[in-house]
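J.: Input file: work-v5.csv. Contents: CSV, N, CA and C atoms.
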```csv
chain,number,residue,atom,x,y,z
O,3,MET,N,0.8,-1.2,0.0
O,3,MET,CA,0.0,0.0,0.0
O,3,MET,C,0.8,1.3,0.0
O,4,THR,N,2.1,1.2,0.0
O,4,THR,CA,3.0,2.4,0.1
O,4,THR,C,2.9,3.3,-1.1
O,5,GLY,N,2.5,2.8,-2.2
O,5,GLY,CA,2.4,3.6,-3.4
O,5,GLY,C,1.0,4.3,-3.5
O,6,ASP,N,0.1,4.0,-2.7
O,6,ASP,CA,-1.3,4.6,-2.8
O,6,ASP,C,-1.3,6.0,-2.2
O,7,TRP,N,-2.2,6.8,-2.7
O,7,TRP,CA,-2.4,8.1,-2.2
O,7,TRP,C,-3.0,8.0,-0.8
O,8,VAL,N,-2.7,9.0,0.0
O,8,VAL,CA,-3.3,9.1,1.3
O,8,VAL,C,-3.8,10.5,1.5
O,9,LEU,N,-5.0,10.7,2.1
O,9,LEU,CA,-5.5,12.0,2.4
O,9,LEU,C,-5.2,12.3,3.8
O,10,VAL,N,-4.7,13.5,4.1
O,10,VAL,CA,-4.3,13.9,5.4
O,10,VAL,C,-5.2,15.1,5.8
O,11,PRO,N,-6.5,14.8,6.1
O,11,PRO,CA,-7.5,15.9,6.4
O,11,PRO,C,-7.4,16.3,7.9
O,12,SER,N,-7.8,17.5,8.2
O,12,SER,CA,-7.8,18.0,9.5
O,12,SER,C,-9.0,17.4,10.3
O,13,ASN,N,-10.1,16.9,9.6
O,13,ASN,CA,-11.2,16.3,10.3
O,13,ASN,C,-11.8,15.2,9.5
O,14,GLU,N,-12.6,14.4,10.2
O,14,GLU,CA,-13.2,13.3,9.5
O,14,GLU,C,-14.3,13.7,8.5
O,15,HIS,N,-14.9,14.8,8.6
O,15,HIS,CA,-15.9,15.2,7.7
O,15,HIS,C,-15.3,15.5,6.3
O,16,LYS,N,-14.1,16.1,6.3
O,16,LYS,CA,-13.5,16.3,5.0
O,16,LYS,C,-13.1,15.0,4.3
O,17,TRP,N,-12.7,14.0,5.1
O,17,TRP,CA,-12.3,12.7,4.5
O,17,TRP,C,-13.5,12.1,3.9
O,18,ARG,N,-14.6,12.1,4.7
O,18,ARG,CA,-15.9,11.4,4.2
O,18,ARG,C,-16.4,12.2,2.9
O,19,GLU,N,-16.3,13.5,2.9
O,19,GLU,CA,-16.7,14.2,1.7
O,19,GLU,C,-15.8,13.9,0.5
O,20,ALA,N,-14.5,13.8,0.7
O,20,ALA,CA,-13.6,13.4,-0.4
O,20,ALA,C,-14.0,12.1,-1.0
O,21,GLN,N,-14.3,11.1,-0.1
O,21,GLN,CA,-14.6,9.8,-0.6
O,21,GLN,C,-16.0,9.8,-1.4
O,22,ARG,N,-16.9,10.6,-0.9
O,22,ARG,CA,-18.2,10.7,-1.6
O,22,ARG,C,-18.0,11.3,-3.0
O,23,ILE,N,-17.2,12.4,-3.1
O,23,ILE,CA,-17.0,13.0,-4.3
O,23,ILE,C,-16.3,12.1,-5.3
O,24,LEU,N,-15.2,11.4,-4.9
O,24,LEU,CA,-14.5,10.5,-5.7
O,24,LEU,C,-15.2,9.2,-6.0
O,25,GLY,N,-16.1,8.8,-5.2
O,25,GLY,CA,-16.8,7.6,-5.4
O,25,GLY,C,-16.0,6.3,-5.0
O,26,ARG,N,-15.0,6.5,-4.2
O,26,ARG,CA,-14.2,5.4,-3.7
O,26,ARG,C,-13.6,5.7,-2.3
O,27,GLU,N,-13.1,4.6,-1.7
O,27,GLU,CA,-12.5,4.7,-0.4
O,27,GLU,C,-11.1,5.3,-0.5
O,28,LEU,N,-10.8,6.1,0.4
O,28,LEU,CA,-9.4,6.7,0.5
O,28,LEU,C,-8.9,6.4,1.9
O,29,GLU,N,-7.6,6.2,1.9
O,29,GLU,CA,-7.0,6.0,3.2
O,29,GLU,C,-6.8,7.3,3.9
O,30,ARG,N,-7.1,7.4,5.2
O,30,ARG,CA,-7.0,8.6,5.9
O,30,ARG,C,-5.9,8.4,7.0
O,31,VAL,N,-5.0,9.4,7.0
O,31,VAL,CA,-3.9,9.5,8.1
O,31,VAL,C,-4.0,10.8,8.8
O,32,THR,N,-4.1,10.8,10.1
O,32,THR,CA,-4.1,12.0,10.9
O,32,THR,C,-2.7,12.3,11.4
O,33,LEU,N,-2.3,13.5,11.0
O,33,LEU,CA,-0.9,14.0,11.4
O,33,LEU,C,-1.1,15.3,12.2
O,34,ASP,N,-0.3,15.5,13.1
O,34,ASP,CA,-0.3,16.8,13.9
O,34,ASP,C,0.7,17.7,13.1
O,35,LEU,N,0.2,18.3,12.1
O,35,LEU,CA,1.0,19.2,11.3
O,35,LEU,C,1.0,20.6,11.9
O,36,PRO,N,2.1,21.3,11.8
O,36,PRO,CA,2.2,22.7,12.3
O,36,PRO,C,1.2,23.6,11.6
O,37,GLU,N,0.6,24.5,12.4
O,37,GLU,CA,-0.3,25.6,11.9
O,37,GLU,C,0.6,26.7,11.4
O,38,LEU,N,0.8,26.8,10.1
O,38,LEU,CA,1.7,27.7,9.5
O,38,LEU,C,1.1,29.1,9.5
O,39,GLN,N,1.9,30.1,9.7
O,39,GLN,CA,1.5,31.5,9.7
O,39,GLN,C,2.0,32.1,8.4
O,40,VAL,N,1.3,31.8,7.3
O,40,VAL,CA,1.7,32.4,6.0
O,40,VAL,C,0.5,33.1,5.5
O,41,ALA,N,0.7,34.0,4.5
O,41,ALA,CA,-0.3,34.9,4.0
O,41,ALA,C,-1.5,34.3,3.2
O,42,THR,N,-1.3,33.2,2.6
O,42,THR,CA,-2.3,32.6,1.7
O,42,THR,C,-2.7,31.2,2.0
O,43,THR,N,-3.9,30.8,1.7
O,43,THR,CA,-4.4,29.5,1.9
O,43,THR,C,-3.5,28.5,1.0
O,44,ARG,N,-3.2,29.0,-0.2
O,44,ARG,CA,-2.4,28.2,-1.1
O,44,ARG,C,-1.0,27.8,-0.5
O,45,GLU,N,-0.4,28.8,0.2
O,45,GLU,CA,0.9,28.5,0.8
O,45,GLU,C,0.8,27.5,2.0
O,46,VAL,N,-0.3,27.7,2.8
O,46,VAL,CA,-0.5,26.7,3.9
O,46,VAL,C,-0.7,25.3,3.3
O,47,ALA,N,-1.5,25.1,2.3
O,47,ALA,CA,-1.7,23.8,1.7
O,47,ALA,C,-0.4,23.2,1.2
O,48,LEU,N,0.3,24.0,0.5
O,48,LEU,CA,1.6,23.5,-0.1
O,48,LEU,C,2.6,23.1,1.0
O,49,GLU,N,2.8,23.9,2.0
O,49,GLU,CA,3.8,23.6,3.0
O,49,GLU,C,3.3,22.4,3.8
O,50,LYS,N,2.0,22.3,4.1
O,50,LYS,CA,1.5,21.1,4.9
O,50,LYS,C,1.7,19.9,4.1
O,51,ALA,N,1.4,19.9,2.8
O,51,ALA,CA,1.6,18.7,1.9
O,51,ALA,C,3.1,18.3,1.9
O,52,LYS,N,4.0,19.2,1.8
O,52,LYS,CA,5.4,18.9,1.9
O,52,LYS,C,5.8,18.2,3.2
O,53,GLU,N,5.2,18.8,4.3
O,53,GLU,CA,5.5,18.3,5.7
O,53,GLU,C,4.9,16.9,5.8
O,54,ALA,N,3.7,16.7,5.3
O,54,ALA,CA,3.1,15.3,5.4
O,54,ALA,C,3.9,14.3,4.6
O,55,PHE,N,4.3,14.7,3.4
O,55,PHE,CA,5.1,13.8,2.6
O,55,PHE,C,6.4,13.4,3.3
O,56,ALA,N,7.0,14.4,3.9
O,56,ALA,CA,8.3,14.2,4.7
O,56,ALA,C,8.1,13.1,5.8
O,57,VAL,N,7.0,13.1,6.4
O,57,VAL,CA,6.7,12.2,7.5
O,57,VAL,C,6.3,10.8,6.9
O,58,LEU,N,5.4,10.8,5.9
O,58,LEU,CA,4.8,9.5,5.4
O,58,LEU,C,5.6,8.9,4.3
O,59,ARG,N,6.4,9.7,3.6
O,59,ARG,CA,7.2,9.2,2.4
O,59,ARG,C,6.3,8.5,1.4
O,60,ARG,N,5.1,9.0,1.1
O,60,ARG,CA,4.2,8.5,0.1
O,60,ARG,C,3.3,9.7,-0.4
O,61,PRO,N,2.7,9.5,-1.6
O,61,PRO,CA,1.9,10.6,-2.1
O,61,PRO,C,0.8,11.0,-1.2
O,62,VAL,N,0.7,12.3,-1.0
O,62,VAL,CA,-0.3,12.8,0.0
O,62,VAL,C,-1.1,14.0,-0.6
O,63,ILE,N,-2.3,14.1,-0.1
O,63,ILE,CA,-3.2,15.3,-0.4
O,63,ILE,C,-3.6,15.9,0.9
O,64,VAL,N,-3.4,17.2,1.1
O,64,VAL,CA,-3.7,17.9,2.3
O,64,VAL,C,-4.6,19.1,1.9
O,65,GLU,N,-5.7,19.3,2.6
O,65,GLU,CA,-6.6,20.4,2.3
O,65,GLU,C,-6.5,21.5,3.3
O,66,ASP,N,-6.7,22.8,2.9
O,66,ASP,CA,-6.8,23.9,3.8
O,66,ASP,C,-7.8,24.9,3.1
O,67,ALA,N,-8.5,25.6,4.0
O,67,ALA,CA,-9.5,26.5,3.5
O,67,ALA,C,-9.3,27.9,4.1
O,68,GLY,N,-9.8,28.9,3.4
O,68,GLY,CA,-9.7,30.3,3.9
O,68,GLY,C,-10.9,31.1,3.4
O,69,LEU,N,-11.0,32.3,4.0
O,69,LEU,CA,-12.1,33.2,3.6
O,69,LEU,C,-11.4,34.6,3.4
O,70,GLU,N,-11.5,35.2,2.2
O,70,GLU,CA,-10.9,36.5,1.9
O,70,GLU,C,-12.0,37.5,1.8
O,71,PHE,N,-11.8,38.6,2.5
O,71,PHE,CA,-12.7,39.8,2.4
O,71,PHE,C,-12.1,40.9,1.5
O,72,ALA,N,-12.7,41.3,0.5
O,72,ALA,CA,-12.2,42.3,-0.4
O,72,ALA,C,-11.9,43.6,0.4
O,73,ALA,N,-12.8,44.0,1.2
O,73,ALA,CA,-12.7,45.2,2.0
O,73,ALA,C,-11.5,45.2,2.9
O,74,LEU,N,-11.0,44.0,3.3
O,74,LEU,CA,-9.9,43.9,4.2
O,74,LEU,C,-8.6,43.4,3.5
O,75,GLY,N,-8.6,43.6,2.1
O,75,GLY,CA,-7.4,43.3,1.4
O,75,GLY,C,-7.1,41.8,1.3
O,76,GLY,N,-8.1,41.0,1.4
O,76,GLY,CA,-7.9,39.5,1.4
O,76,GLY,C,-7.8,38.9,2.8
O,77,PHE,N,-7.8,39.7,3.8
O,77,PHE,CA,-7.8,39.2,5.2
O,77,PHE,C,-9.2,38.7,5.5
O,78,PRO,N,-9.3,37.7,6.3
O,78,PRO,CA,-8.4,36.9,7.1
O,78,PRO,C,-7.7,35.8,6.4
O,79,GLY,N,-8.2,35.4,5.2
O,79,GLY,CA,-7.5,34.3,4.4
O,79,GLY,C,-7.4,33.1,5.3
O,80,PRO,N,-6.2,32.5,5.4
O,80,PRO,CA,-6.1,31.2,6.1
O,80,PRO,C,-6.2,31.4,7.6
O,81,PHE,N,-6.3,32.6,8.1
O,81,PHE,CA,-6.5,32.8,9.5
O,81,PHE,C,-7.9,32.8,10.0
O,82,ILE,N,-8.9,32.5,9.1
O,82,ILE,CA,-10.3,32.5,9.4
O,82,ILE,C,-10.6,31.6,10.6
O,83,LYS,N,-9.9,30.4,10.6
O,83,LYS,CA,-10.2,29.4,11.7
O,83,LYS,C,-9.9,30.0,13.1
O,84,PHE,N,-8.9,30.8,13.1
O,84,PHE,CA,-8.5,31.4,14.4
O,84,PHE,C,-9.5,32.5,14.8
O,85,TRP,N,-9.9,33.3,13.8
O,85,TRP,CA,-10.9,34.3,14.1
O,85,TRP,C,-12.2,33.7,14.6
O,86,GLU,N,-12.6,32.6,13.9
O,86,GLU,CA,-13.9,32.0,14.3
O,86,GLU,C,-13.7,31.4,15.8
O,87,LYS,N,-12.6,30.9,16.1
O,87,LYS,CA,-12.4,30.3,17.5
O,87,LYS,C,-12.4,31.4,18.5
O,88,LEU,N,-11.8,32.6,18.2
O,88,LEU,CA,-11.7,33.7,19.2
O,88,LEU,C,-12.9,34.5,19.2
O,89,GLY,N,-13.6,34.8,18.1
O,89,GLY,CA,-14.7,35.8,18.1
O,89,GLY,C,-16.0,35.2,17.7
O,90,GLY,N,-16.0,34.0,17.1
O,90,GLY,CA,-17.3,33.4,16.7
O,90,GLY,C,-17.7,33.9,15.3
O,91,LEU,N,-18.7,33.2,14.7
O,91,LEU,CA,-19.1,33.5,13.4
O,91,LEU,C,-19.7,34.9,13.3
O,92,GLU,N,-20.5,35.3,14.3
O,92,GLU,CA,-21.1,36.6,14.3
O,92,GLU,C,-20.1,37.7,14.1
O,93,SER,N,-19.0,37.6,14.8
O,93,SER,CA,-18.0,38.7,14.8
O,93,SER,C,-17.4,38.8,13.4
O,94,ILE,N,-17.3,37.6,12.6
O,94,ILE,CA,-16.8,37.6,11.3
O,94,ILE,C,-17.7,38.4,10.4
O,95,CYS,N,-19.0,38.2,10.5
O,95,CYS,CA,-20.0,38.9,9.7
O,95,CYS,C,-20.1,40.4,10.1
O,96,ARG,N,-20.0,40.7,11.3
O,96,ARG,CA,-20.1,42.1,11.8
O,96,ARG,C,-18.8,42.9,11.4
O,97,ALA,N,-17.7,42.2,11.1
O,97,ALA,CA,-16.5,43.0,10.7
O,97,ALA,C,-16.7,43.8,9.5
O,98,LEU,N,-17.7,43.5,8.6
O,98,LEU,CA,-17.9,44.2,7.4
O,98,LEU,C,-19.1,45.2,7.5
O,99,ASP,N,-19.7,45.3,8.7
O,99,ASP,CA,-20.8,46.2,8.9
O,99,ASP,C,-20.4,47.6,8.7
O,100,GLY,N,-21.2,48.4,8.1
O,100,GLY,CA,-20.9,49.8,7.9
O,100,GLY,C,-20.1,50.1,6.6
O,101,GLY,N,-19.5,49.1,6.0
O,101,GLY,CA,-18.8,49.2,4.8
O,101,GLY,C,-19.6,48.9,3.6
O,102,ALA,N,-19.3,49.5,2.5
O,102,ALA,CA,-20.0,49.2,1.2
O,102,ALA,C,-19.6,47.9,0.6
O,103,ASP,N,-18.4,47.5,0.8
O,103,ASP,CA,-17.9,46.3,0.1
O,103,ASP,C,-18.0,45.1,1.0
O,104,ARG,N,-18.9,44.2,0.7
O,104,ARG,CA,-19.1,43.0,1.4
O,104,ARG,C,-18.7,41.7,0.6
O,105,ARG,N,-17.9,41.9,-0.4
O,105,ARG,CA,-17.5,40.8,-1.3
O,105,ARG,C,-16.5,39.9,-0.5
O,106,ALA,N,-16.7,38.6,-0.7
O,106,ALA,CA,-15.8,37.6,-0.1
O,106,ALA,C,-15.5,36.5,-1.0
O,107,VAL,N,-14.4,35.8,-0.8
O,107,VAL,CA,-14.1,34.7,-1.6
O,107,VAL,C,-13.7,33.5,-0.6
O,108,ALA,N,-14.4,32.4,-0.8
O,108,ALA,CA,-14.1,31.2,0.0
O,108,ALA,C,-13.1,30.4,-0.8
O,109,VAL,N,-12.0,30.1,-0.2
O,109,VAL,CA,-10.9,29.4,-0.9
O,109,VAL,C,-10.7,28.0,-0.3
O,110,CYS,N,-10.6,27.0,-1.2
O,110,CYS,CA,-10.2,25.7,-0.8
O,110,CYS,C,-9.0,25.3,-1.6
O,111,ALA,N,-7.9,24.9,-0.9
O,111,ALA,CA,-6.7,24.6,-1.6
O,111,ALA,C,-6.3,23.2,-1.2
O,112,LEU,N,-6.0,22.4,-2.2
O,112,LEU,CA,-5.5,21.0,-2.0
O,112,LEU,C,-4.0,21.0,-2.3
O,113,GLY,N,-3.2,20.8,-1.3
O,113,GLY,CA,-1.7,20.6,-1.5
O,113,GLY,C,-1.4,19.2,-1.8
O,114,VAL,N,-0.7,18.9,-2.9
O,114,VAL,CA,-0.4,17.6,-3.4
O,114,VAL,C,1.1,17.5,-3.4
O,115,CYS,N,1.6,16.4,-2.8
O,115,CYS,CA,3.0,16.2,-2.8
O,115,CYS,C,3.4,14.7,-3.0
O,116,THR,N,4.3,14.5,-4.0
O,116,THR,CA,4.8,13.2,-4.3
O,116,THR,C,6.4,13.3,-4.3
O,117,ALA,N,7.0,12.2,-4.6
O,117,ALA,CA,8.5,12.2,-4.7
O,117,ALA,C,8.9,13.1,-5.9
O,118,ALA,N,8.0,13.3,-6.9
O,118,ALA,CA,8.4,14.1,-8.0
O,118,ALA,C,8.2,15.6,-7.8
O,119,GLY,N,7.6,16.0,-6.7
O,119,GLY,CA,7.4,17.4,-6.4
O,119,GLY,C,6.0,17.7,-5.7
O,120,ALA,N,5.8,19.0,-5.6
O,120,ALA,CA,4.6,19.4,-4.9
O,120,ALA,C,3.9,20.6,-5.7
O,121,PHE,N,2.5,20.6,-5.6
O,121,PHE,CA,1.8,21.6,-6.3
O,121,PHE,C,0.4,21.8,-5.5
O,122,VAL,N,-0.3,22.9,-5.9
O,122,VAL,CA,-1.6,23.2,-5.3
O,122,VAL,C,-2.7,23.3,-6.3
O,123,VAL,N,-3.8,22.7,-6.0
O,123,VAL,CA,-5.0,22.9,-6.8
O,123,VAL,C,-6.0,23.7,-5.9
O,124,GLU,N,-6.5,24.8,-6.5
O,124,GLU,CA,-7.3,25.7,-5.7
O,124,GLU,C,-8.6,26.0,-6.3
O,125,GLY,N,-9.6,26.0,-5.5
O,125,GLY,CA,-11.0,26.3,-5.9
O,125,GLY,C,-11.4,27.6,-5.2
O,126,ARG,N,-12.1,28.5,-5.9
O,126,ARG,CA,-12.5,29.8,-5.3
O,126,ARG,C,-14.0,30.0,-5.6
O,127,VAL,N,-14.7,30.4,-4.6
O,127,VAL,CA,-16.1,30.8,-4.8
O,127,VAL,C,-16.4,32.2,-4.3
O,128,GLU,N,-16.9,33.1,-5.2
O,128,GLU,CA,-17.1,34.4,-4.8
O,128,GLU,C,-18.5,34.6,-4.3
O,129,GLY,N,-18.7,35.5,-3.4
O,129,GLY,CA,-20.0,35.8,-2.8
O,129,GLY,C,-20.0,37.1,-2.0
O,130,LEU,N,-21.1,37.2,-1.2
O,130,LEU,CA,-21.3,38.4,-0.3
O,130,LEU,C,-21.5,37.9,1.1
O,131,ILE,N,-21.0,38.7,2.0
O,131,ILE,CA,-21.2,38.4,3.5
O,131,ILE,C,-22.3,39.3,3.9
```
Would you write out, as structure tokens, the structure that this file holds?

T.:
Amino acid sequence: MTGDWVLVPSNEHKWREAQRILGRELERVTLDLPELQVATTREVALEKAKEAFAVLRRPVIVEDAGLEFAALGGFPGPFIKFWEKLGGLESICRALDGGADRRAVAVCALGVCTAAGAFVVEGRVEGLI
């Protein structure tokens, strides 16, 4: 099984969703990867994938998500999980109160790493808060 891909999700729900989307079972490995303090969700996913590959020595996929507010220059991005923990969902929505620009982009980045190298696949959905 060492040549098979492994998904390194932060929670079980992401693992189950990936299996549902792909229509097949995936191996799940839980690793305690460092929470990187970098500017973009793309960078977080890429570095986590490299870290997971260094530990497991097999092809890995790591997911990270972020939320970018246009009015805040793309902040909080990958820091959204910390903001939610500290202030709750309501504080995130209120952060844009009083401003005219309520545009937001939800970002999902998959960091992929194999012995041949690493790359990121990113999905972005635009909307309003």

J.: Return as a PDB file with N, CA and C atoms, in the coordinates of the input the full set of residues in chain O whose backbone-based DSSP assignment is strand (DSSP E or B).

T.:
```
ATOM      1  N   VAL O   8      -2.700   9.000   0.000  1.00  0.00           N
ATOM      2  CA  VAL O   8      -3.300   9.100   1.300  1.00  0.00           C
ATOM      3  C   VAL O   8      -3.800  10.500   1.500  1.00  0.00           C
ATOM      4  N   LEU O   9      -5.000  10.700   2.100  1.00  0.00           N
ATOM      5  CA  LEU O   9      -5.500  12.000   2.400  1.00  0.00           C
ATOM      6  C   LEU O   9      -5.200  12.300   3.800  1.00  0.00           C
ATOM      7  N   GLU O  29      -7.600   6.200   1.900  1.00  0.00           N
ATOM      8  CA  GLU O  29      -7.000   6.000   3.200  1.00  0.00           C
ATOM      9  C   GLU O  29      -6.800   7.300   3.900  1.00  0.00           C
ATOM     10  N   ARG O  30      -7.100   7.400   5.200  1.00  0.00           N
ATOM     11  CA  ARG O  30      -7.000   8.600   5.900  1.00  0.00           C
ATOM     12  C   ARG O  30      -5.900   8.400   7.000  1.00  0.00           C
ATOM     13  N   VAL O  62       0.700  12.300  -1.000  1.00  0.00           N
ATOM     14  CA  VAL O  62      -0.300  12.800   0.000  1.00  0.00           C
ATOM     15  C   VAL O  62      -1.100  14.000  -0.600  1.00  0.00           C
ATOM     16  N   ILE O  63      -2.300  14.100  -0.100  1.00  0.00           N
ATOM     17  CA  ILE O  63      -3.200  15.300  -0.400  1.00  0.00           C
ATOM     18  C   ILE O  63      -3.600  15.900   0.900  1.00  0.00           C
ATOM     19  N   VAL O  64      -3.400  17.200   1.100  1.00  0.00           N
ATOM     20  CA  VAL O  64      -3.700  17.900   2.300  1.00  0.00           C
ATOM     21  C   VAL O  64      -4.600  19.100   1.900  1.00  0.00           C
ATOM     22  N   GLU O  65      -5.700  19.300   2.600  1.00  0.00           N
ATOM     23  CA  GLU O  65      -6.600  20.400   2.300  1.00  0.00           C
ATOM     24  C   GLU O  65      -6.500  21.500   3.300  1.00  0.00           C
ATOM     25  N   ASP O  66      -6.700  22.800   2.900  1.00  0.00           N
ATOM     26  CA  ASP O  66      -6.800  23.900   3.800  1.00  0.00           C
ATOM     27  C   ASP O  66      -7.800  24.900   3.100  1.00  0.00           C
ATOM     28  N   ALA O  67      -8.500  25.600   4.000  1.00  0.00           N
ATOM     29  CA  ALA O  67      -9.500  26.500   3.500  1.00  0.00           C
ATOM     30  C   ALA O  67      -9.300  27.900   4.100  1.00  0.00           C
ATOM     31  N   GLY O  68      -9.800  28.900   3.400  1.00  0.00           N
ATOM     32  CA  GLY O  68      -9.700  30.300   3.900  1.00  0.00           C
ATOM     33  C   GLY O  68     -10.900  31.100   3.400  1.00  0.00           C
ATOM     34  N   LEU O  69     -11.000  32.300   4.000  1.00  0.00           N
ATOM     35  CA  LEU O  69     -12.100  33.200   3.600  1.00  0.00           C
ATOM     36  C   LEU O  69     -11.400  34.600   3.400  1.00  0.00           C
ATOM     37  N   GLU O  70     -11.500  35.200   2.200  1.00  0.00           N
ATOM     38  CA  GLU O  70     -10.900  36.500   1.900  1.00  0.00           C
ATOM     39  C   GLU O  70     -12.000  37.500   1.800  1.00  0.00           C
ATOM     40  N   PHE O  71     -11.800  38.600   2.500  1.00  0.00           N
ATOM     41  CA  PHE O  71     -12.700  39.800   2.400  1.00  0.00           C
ATOM     42  C   PHE O  71     -12.100  40.900   1.500  1.00  0.00           C
ATOM     43  N   PRO O  78      -9.300  37.700   6.300  1.00  0.00           N
ATOM     44  CA  PRO O  78      -8.400  36.900   7.100  1.00  0.00           C
ATOM     45  C   PRO O  78      -7.700  35.800   6.400  1.00  0.00           C
ATOM     46  N   GLY O  79      -8.200  35.400   5.200  1.00  0.00           N
ATOM     47  CA  GLY O  79      -7.500  34.300   4.400  1.00  0.00           C
ATOM     48  C   GLY O  79      -7.400  33.100   5.300  1.00  0.00           C
ATOM     49  N   ARG O 105     -17.900  41.900  -0.400  1.00  0.00           N
ATOM     50  CA  ARG O 105     -17.500  40.800  -1.300  1.00  0.00           C
ATOM     51  C   ARG O 105     -16.500  39.900  -0.500  1.00  0.00           C
ATOM     52  N   ALA O 106     -16.700  38.600  -0.700  1.00  0.00           N
ATOM     53  CA  ALA O 106     -15.800  37.600  -0.100  1.00  0.00           C
ATOM     54  C   ALA O 106     -15.500  36.500  -1.000  1.00  0.00           C
ATOM     55  N   VAL O 107     -14.400  35.800  -0.800  1.00  0.00           N
ATOM     56  CA  VAL O 107     -14.100  34.700  -1.600  1.00  0.00           C
ATOM     57  C   VAL O 107     -13.700  33.500  -0.600  1.00  0.00           C
ATOM     58  N   ALA O 108     -14.400  32.400  -0.800  1.00  0.00           N
ATOM     59  CA  ALA O 108     -14.100  31.200   0.000  1.00  0.00           C
ATOM     60  C   ALA O 108     -13.100  30.400  -0.800  1.00  0.00           C
ATOM     61  N   VAL O 109     -12.000  30.100  -0.200  1.00  0.00           N
ATOM     62  CA  VAL O 109     -10.900  29.400  -0.900  1.00  0.00           C
ATOM     63  C   VAL O 109     -10.700  28.000  -0.300  1.00  0.00           C
ATOM     64  N   CYS O 110     -10.600  27.000  -1.200  1.00  0.00           N
ATOM     65  CA  CYS O 110     -10.200  25.700  -0.800  1.00  0.00           C
ATOM     66  C   CYS O 110      -9.000  25.300  -1.600  1.00  0.00           C
ATOM     67  N   ALA O 111      -7.900  24.900  -0.900  1.00  0.00           N
ATOM     68  CA  ALA O 111      -6.700  24.600  -1.600  1.00  0.00           C
ATOM     69  C   ALA O 111      -6.300  23.200  -1.200  1.00  0.00           C
ATOM     70  N   LEU O 112      -6.000  22.400  -2.200  1.00  0.00           N
ATOM     71  CA  LEU O 112      -5.500  21.000  -2.000  1.00  0.00           C
ATOM     72  C   LEU O 112      -4.000  21.000  -2.300  1.00  0.00           C
ATOM     73  N   GLY O 113      -3.200  20.800  -1.300  1.00  0.00           N
ATOM     74  CA  GLY O 113      -1.700  20.600  -1.500  1.00  0.00           C
ATOM     75  C   GLY O 113      -1.400  19.200  -1.800  1.00  0.00           C
ATOM     76  N   VAL O 114      -0.700  18.900  -2.900  1.00  0.00           N
ATOM     77  CA  VAL O 114      -0.400  17.600  -3.400  1.00  0.00           C
ATOM     78  C   VAL O 114       1.100  17.500  -3.400  1.00  0.00           C
ATOM     79  N   CYS O 115       1.600  16.400  -2.800  1.00  0.00           N
ATOM     80  CA  CYS O 115       3.000  16.200  -2.800  1.00  0.00           C
ATOM     81  C   CYS O 115       3.400  14.700  -3.000  1.00  0.00           C
ATOM     82  N   THR O 116       4.300  14.500  -4.000  1.00  0.00           N
ATOM     83  CA  THR O 116       4.800  13.200  -4.300  1.00  0.00           C
ATOM     84  C   THR O 116       6.400  13.300  -4.300  1.00  0.00           C
ATOM     85  N   GLY O 119       7.600  16.000  -6.700  1.00  0.00           N
ATOM     86  CA  GLY O 119       7.400  17.400  -6.400  1.00  0.00           C
ATOM     87  C   GLY O 119       6.000  17.700  -5.700  1.00  0.00           C
ATOM     88  N   ALA O 120       5.800  19.000  -5.600  1.00  0.00           N
ATOM     89  CA  ALA O 120       4.600  19.400  -4.900  1.00  0.00           C
ATOM     90  C   ALA O 120       3.900  20.600  -5.700  1.00  0.00           C
ATOM     91  N   PHE O 121       2.500  20.600  -5.600  1.00  0.00           N
ATOM     92  CA  PHE O 121       1.800  21.600  -6.300  1.00  0.00           C
ATOM     93  C   PHE O 121       0.400  21.800  -5.500  1.00  0.00           C
ATOM     94  N   VAL O 122      -0.300  22.900  -5.900  1.00  0.00           N
ATOM     95  CA  VAL O 122      -1.600  23.200  -5.300  1.00  0.00           C
ATOM     96  C   VAL O 122      -2.700  23.300  -6.300  1.00  0.00           C
ATOM     97  N   VAL O 123      -3.800  22.700  -6.000  1.00  0.00           N
ATOM     98  CA  VAL O 123      -5.000  22.900  -6.800  1.00  0.00           C
ATOM     99  C   VAL O 123      -6.000  23.700  -5.900  1.00  0.00           C
ATOM    100  N   GLU O 124      -6.500  24.800  -6.500  1.00  0.00           N
ATOM    101  CA  GLU O 124      -7.300  25.700  -5.700  1.00  0.00           C
ATOM    102  C   GLU O 124      -8.600  26.000  -6.300  1.00  0.00           C
ATOM    103  N   GLY O 125      -9.600  26.000  -5.500  1.00  0.00           N
ATOM    104  CA  GLY O 125     -11.000  26.300  -5.900  1.00  0.00           C
ATOM    105  C   GLY O 125     -11.400  27.600  -5.200  1.00  0.00           C
ATOM    106  N   ARG O 126     -12.100  28.500  -5.900  1.00  0.00           N
ATOM    107  CA  ARG O 126     -12.500  29.800  -5.300  1.00  0.00           C
ATOM    108  C   ARG O 126     -14.000  30.000  -5.600  1.00  0.00           C
ATOM    109  N   VAL O 127     -14.700  30.400  -4.600  1.00  0.00           N
ATOM    110  CA  VAL O 127     -16.100  30.800  -4.800  1.00  0.00           C
ATOM    111  C   VAL O 127     -16.400  32.200  -4.300  1.00  0.00           C
ATOM    112  N   GLU O 128     -16.900  33.100  -5.200  1.00  0.00           N
ATOM    113  CA  GLU O 128     -17.100  34.400  -4.800  1.00  0.00           C
ATOM    114  C   GLU O 128     -18.500  34.600  -4.300  1.00  0.00           C
ATOM    115  N   GLY O 129     -18.700  35.500  -3.400  1.00  0.00           N
ATOM    116  CA  GLY O 129     -20.000  35.800  -2.800  1.00  0.00           C
ATOM    117  C   GLY O 129     -20.000  37.100  -2.000  1.00  0.00           C
ATOM    118  N   LEU O 130     -21.100  37.200  -1.200  1.00  0.00           N
ATOM    119  CA  LEU O 130     -21.300  38.400  -0.300  1.00  0.00           C
ATOM    120  C   LEU O 130     -21.500  37.900   1.100  1.00  0.00           C
TER     121      LEU O 130
END
```

J.: Smallest atom-to-atom distance to Ala73 of chain O: which of O:Arg126, O:Arg104, O:Arg18, O:Arg30, using only N, CA and C atoms?

T.: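 Of O:Arg126, O:Arg104, O:Arg18, O:Arg30, the one nearest Ala73 of chain O, counting only N, CA and C atoms, is O:Arg104.
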
J.: Just checking: using only N, CA and C atoms, which residue out of O:Ile63, O:Ala111, O:Ala106, O:Ala117 ends up closest to Ala51 of chain O?

T.: O:Ile63
